[in-house]
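What follows is final27.txt (compact mmCIF, C-alpha atoms).
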# COMPACT_ATOMS: atom_id res chain seq x y z
CA MET I 1 -50.99 63.22 13.42
CA VAL I 2 -49.70 65.92 11.13
CA LEU I 3 -52.32 65.10 8.51
CA LEU I 4 -55.17 65.22 11.04
CA GLY I 5 -53.86 68.54 12.37
CA LEU I 6 -53.67 69.93 8.85
CA ILE I 7 -57.28 68.88 8.20
CA LEU I 8 -58.46 70.58 11.40
CA VAL I 9 -56.60 73.79 10.53
CA LEU I 10 -58.10 73.79 7.02
CA LEU I 11 -61.62 73.22 8.39
CA ALA I 12 -61.19 76.05 10.90
CA GLY I 13 -59.87 78.31 8.13
CA GLY I 14 -62.85 77.40 5.95
CA ALA I 15 -65.25 78.26 8.79
CA VAL I 16 -63.56 81.61 9.31
CA ALA I 17 -63.72 82.30 5.56
CA LEU I 18 -67.41 81.38 5.50
CA VAL I 19 -68.23 83.74 8.35
CA ALA I 20 -66.09 86.53 6.89
CA THR I 21 -67.78 86.39 3.44
CA GLU I 22 -71.40 86.39 4.66
CA GLU I 23 -73.05 89.75 5.25
CA SER I 24 -75.73 88.48 7.61
CA SER I 25 -75.91 85.92 10.38
CA ARG I 26 -77.75 83.53 8.08
CA TYR I 27 -75.61 80.65 6.75
CA ILE I 28 -76.40 77.95 4.22
CA LEU I 29 -74.41 74.70 4.65
CA PHE I 30 -75.10 71.48 2.74
CA GLY I 31 -78.55 72.67 1.75
CA ASN I 32 -79.56 73.65 5.30
CA THR I 33 -80.08 77.23 6.41
CA TYR I 34 -78.84 78.28 9.87
CA GLN I 35 -79.80 81.51 11.59
CA LEU I 36 -77.47 82.09 14.56
CA ASP I 37 -77.91 84.56 17.38
CA HIS I 38 -75.03 86.18 19.31
CA VAL I 39 -74.55 83.37 21.84
CA GLN I 40 -74.64 80.64 19.21
CA MET I 41 -72.19 82.63 17.07
CA PHE I 42 -69.82 82.96 20.08
CA ILE I 43 -70.00 79.21 20.75
CA ALA I 44 -69.38 78.44 17.07
CA GLY I 45 -66.36 80.78 17.14
CA ALA I 46 -65.04 79.06 20.29
CA VAL I 47 -65.42 75.65 18.63
CA VAL I 48 -63.62 76.88 15.51
CA ALA I 49 -60.82 78.37 17.64
CA ALA I 50 -60.50 75.12 19.60
CA ALA I 51 -60.34 73.14 16.32
CA LEU I 52 -57.66 75.54 15.03
CA LEU I 53 -55.58 75.23 18.21
CA ALA I 54 -55.98 71.43 18.28
CA GLY I 55 -54.86 71.28 14.64
CA ILE I 56 -51.81 73.42 15.33
CA TRP I 57 -50.97 71.31 18.39
CA LEU I 58 -51.32 68.07 16.37
CA ILE I 59 -49.04 69.42 13.65
CA GLY I 60 -46.41 70.42 16.22
CA ALA I 61 -46.63 67.13 18.13
CA GLY I 62 -46.38 65.09 14.94
CA SER I 63 -43.39 67.11 13.78
CA ARG I 64 -41.58 66.63 17.10
CA ARG I 65 -42.30 62.92 17.04
CA THR I 66 -41.00 62.61 13.48
CA ALA I 67 -37.87 64.59 14.38
CA ARG I 68 -37.26 62.32 17.40
CA LYS I 69 -37.59 59.23 15.21
CA ARG I 70 -35.18 60.66 12.67
CA ARG I 71 -32.62 61.52 15.37
CA ARG I 72 -32.84 57.99 16.78
CA LEU I 73 -32.54 56.49 13.31
CA ARG I 74 -29.54 58.72 12.54
CA ALA I 75 -27.88 57.67 15.82
CA VAL I 76 -28.50 53.97 15.09
CA ARG I 77 -27.10 54.36 11.58
CA ALA I 78 -24.02 56.15 12.91
CA GLU I 79 -23.50 53.43 15.53
CA ALA I 80 -23.84 50.71 12.89
CA SER I 81 -21.43 52.56 10.62
CA ASP I 82 -18.91 52.85 13.47
CA ARG I 83 -19.30 49.16 14.22
CA VAL I 84 -18.77 48.25 10.56
CA SER I 85 -15.68 50.46 10.32
CA ARG I 86 -14.25 48.89 13.50
CA LEU I 87 -14.88 45.42 12.08
CA GLU I 88 -13.26 46.40 8.79
CA ASP I 89 -10.22 47.74 10.66
CA GLU I 90 -10.01 44.52 12.66
CA LYS I 91 -10.31 42.50 9.45
CA ARG I 92 -7.50 44.48 7.80
CA ASP I 93 -5.35 44.00 10.91
CA LEU I 94 -5.99 40.26 10.91
CA GLU I 95 -5.24 40.05 7.19
CA ARG I 96 -1.94 41.88 7.76
CA ARG I 97 -1.05 39.51 10.61
CA LEU I 98 -1.93 36.48 8.49
CA GLU I 99 0.18 37.75 5.61
CA ARG I 100 3.07 38.49 8.01
CA ASP I 101 2.80 34.98 9.52
CA ARG I 102 2.70 33.42 6.05
CA ASN I 103 5.77 35.37 4.99
CA ARG I 104 7.59 34.45 8.19
CA ALA I 105 6.71 30.75 7.69
CA ALA I 106 7.92 30.91 4.10
CA HIS I 107 11.23 32.44 5.14
CA ASP I 108 11.74 30.08 8.09
CA GLY I 109 11.08 26.98 6.01
CA GLY I 110 13.60 27.84 3.32
CA GLY I 111 11.05 29.33 0.96
CA GLY I 112 10.43 26.08 -0.86
CA GLY I 113 7.05 25.19 0.58
CA GLY I 114 4.90 28.11 -0.58
CA THR I 115 3.09 30.67 1.48
CA ASP I 116 0.17 28.59 2.71
CA GLY I 117 1.73 27.54 6.01
CA ARG I 118 2.41 23.89 5.11
CA VAL I 119 6.14 24.25 5.71
CA ALA I 120 5.63 25.57 9.22
CA HIS I 121 3.09 22.84 9.95
CA GLU I 122 5.44 20.11 8.71
CA ARG I 123 8.32 21.55 10.75
CA VAL I 124 6.23 21.62 13.94
CA ALA I 125 5.05 18.04 13.28
CA SER I 126 8.62 16.80 12.79
CA GLU I 127 9.78 18.54 16.01
CA ARG I 128 6.94 16.92 17.94
CA ALA I 129 7.80 13.50 16.53
CA ALA I 130 11.45 13.91 17.59
CA HIS I 131 10.44 14.63 21.19
CA GLU I 132 7.75 11.98 21.58
CA PRO I 133 8.75 8.61 23.04
CA VAL I 134 8.66 5.58 20.81
CA ASP I 135 6.42 2.68 21.94
CA GLY I 136 7.89 1.11 25.03
CA ASP I 137 10.31 3.97 25.78
CA ARG I 138 9.97 5.83 29.03
CA LEU I 139 10.91 9.41 29.64
CA VAL I 140 13.29 10.35 32.44
CA ALA I 141 13.67 13.83 33.90
CA GLY I 142 14.60 16.25 31.14
CA GLY I 143 12.39 14.57 28.53
CA ARG I 144 15.01 12.08 27.20
CA PRO I 145 14.04 8.47 26.52
CA ASP I 146 15.31 5.90 28.98
CA ASP I 147 16.49 2.72 27.30
CA THR I 148 16.62 0.69 30.48
CA ARG I 149 13.54 -1.42 30.75
CA PRO I 150 12.36 -3.05 33.98
I need this file expressed as structure tokens, please.
Amino acid sequence: MVLLGLILVLLAGGAVALVATEESSRYILFGNTYQLDHVQMFIAGAVVAAALLAGIWLIGAGSRRTARKRRRLRAVRAEASDRVSRLEDEKRDLERRLERDRNRAAHDGGGGGGTDGRVAHERVASERAAHEPVDGDRLVAGGRPDDTRP
């Protein structure tokens, strides 16, 4: 739109320059000679003015449209940047929690099992095994095995 407006403004400016440089009302364009009277000259001036105004309007409309697009793009980029920063913050928080849990598991397990969580996993598995009934045992109230069999 801006380019078309610029072309119209340049054509209107060229027409004004052509009329301003001629001393008579006789014009030669592309090998053709035109002799214009007062009414035809007025109509030609009105057409040139309309082309100039249309060109200016097209330049303005294209500029506003481009500015709107840039504002939207800037807003989308800012939103994406905010989203990325929130995700990075969440990632850092989760990494801190994971490291804290690993350190806690290492300290709870005596420190001999490493920091990968195997000690805590083994401890939980052994506690579960201690509380589960052996084949054939029944649980009474309180979760203790009942040795009496029917």
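Here the question is which of I:Arg68, I:Val9, I:Glu22, I:Met1 gets nearest to Gln35 in chain I using all atoms listed in the file, and that residue is I:Glu22.
Straight-line separation from CA of Gly55 in chain I to CA of Leu8 in chain I: 4.9 Å.
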Inset, instruction - Find the distance between CA of Val16 in chain I and CA of Ala61 in chain I and write it in Å to one decimal. - result: 24.0 Å
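By chain and then residue number, the residues within 7 Å of Arg26 in chain I are Ser24, Ile28, Thr33, Tyr34, Gln35 and Leu36 of chain I, counting all atoms listed in the file and disregarding those fewer than 2 positions away in sequence.
One distance worth recording is that between CA of Leu4 in chain I and CA of Leu52 in chain I, which is 11.3 Å.
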Legend entry - Spatial sel., origin (-56.7, 76.5, 15.4), limit 9 Å, all atoms listed in the file, listed as an MDAnalysis selection string: chainID I and resid 5 8:10 12:13 48:57
Same residues, C-alpha atoms, output as an mmCIF file, in the frame of the given file:
data_model
loop_
_atom_site.group_PDB
_atom_site.id
_atom_site.type_symbol
_atom_site.label_atom_id
_atom_site.label_comp_id
_atom_site.auth_asym_id
_atom_site.auth_seq_id
_atom_site.Cartn_x
_atom_site.Cartn_y
_atom_site.Cartn_z
ATOM 1 C CA GLY I 5 -53.860 68.540 12.370
ATOM 2 C CA LEU I 8 -58.460 70.580 11.400
ATOM 3 C CA VAL I 9 -56.600 73.790 10.530
ATOM 4 C CA LEU I 10 -58.100 73.790 7.020
ATOM 5 C CA ALA I 12 -61.190 76.050 10.900
ATOM 6 C CA GLY I 13 -59.870 78.310 8.130
ATOM 7 C CA VAL I 48 -63.620 76.880 15.510
ATOM 8 C CA ALA I 49 -60.820 78.370 17.640
ATOM 9 C CA ALA I 50 -60.500 75.120 19.600
ATOM 10 C CA ALA I 51 -60.340 73.140 16.320
ATOM 11 C CA LEU I 52 -57.660 75.540 15.030
ATOM 12 C CA LEU I 53 -55.580 75.230 18.210
ATOM 13 C CA ALA I 54 -55.980 71.430 18.280
ATOM 14 C CA GLY I 55 -54.860 71.280 14.640
ATOM 15 C CA ILE I 56 -51.810 73.420 15.330
ATOM 16 C CA TRP I 57 -50.970 71.310 18.390
#
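Counting only C-alpha atoms, His38 in chain I has the following residues at most 10 Å away, ignoring those fewer than 5 positions along the same chain: Ser25, Ile43 and Ala44 of chain I.
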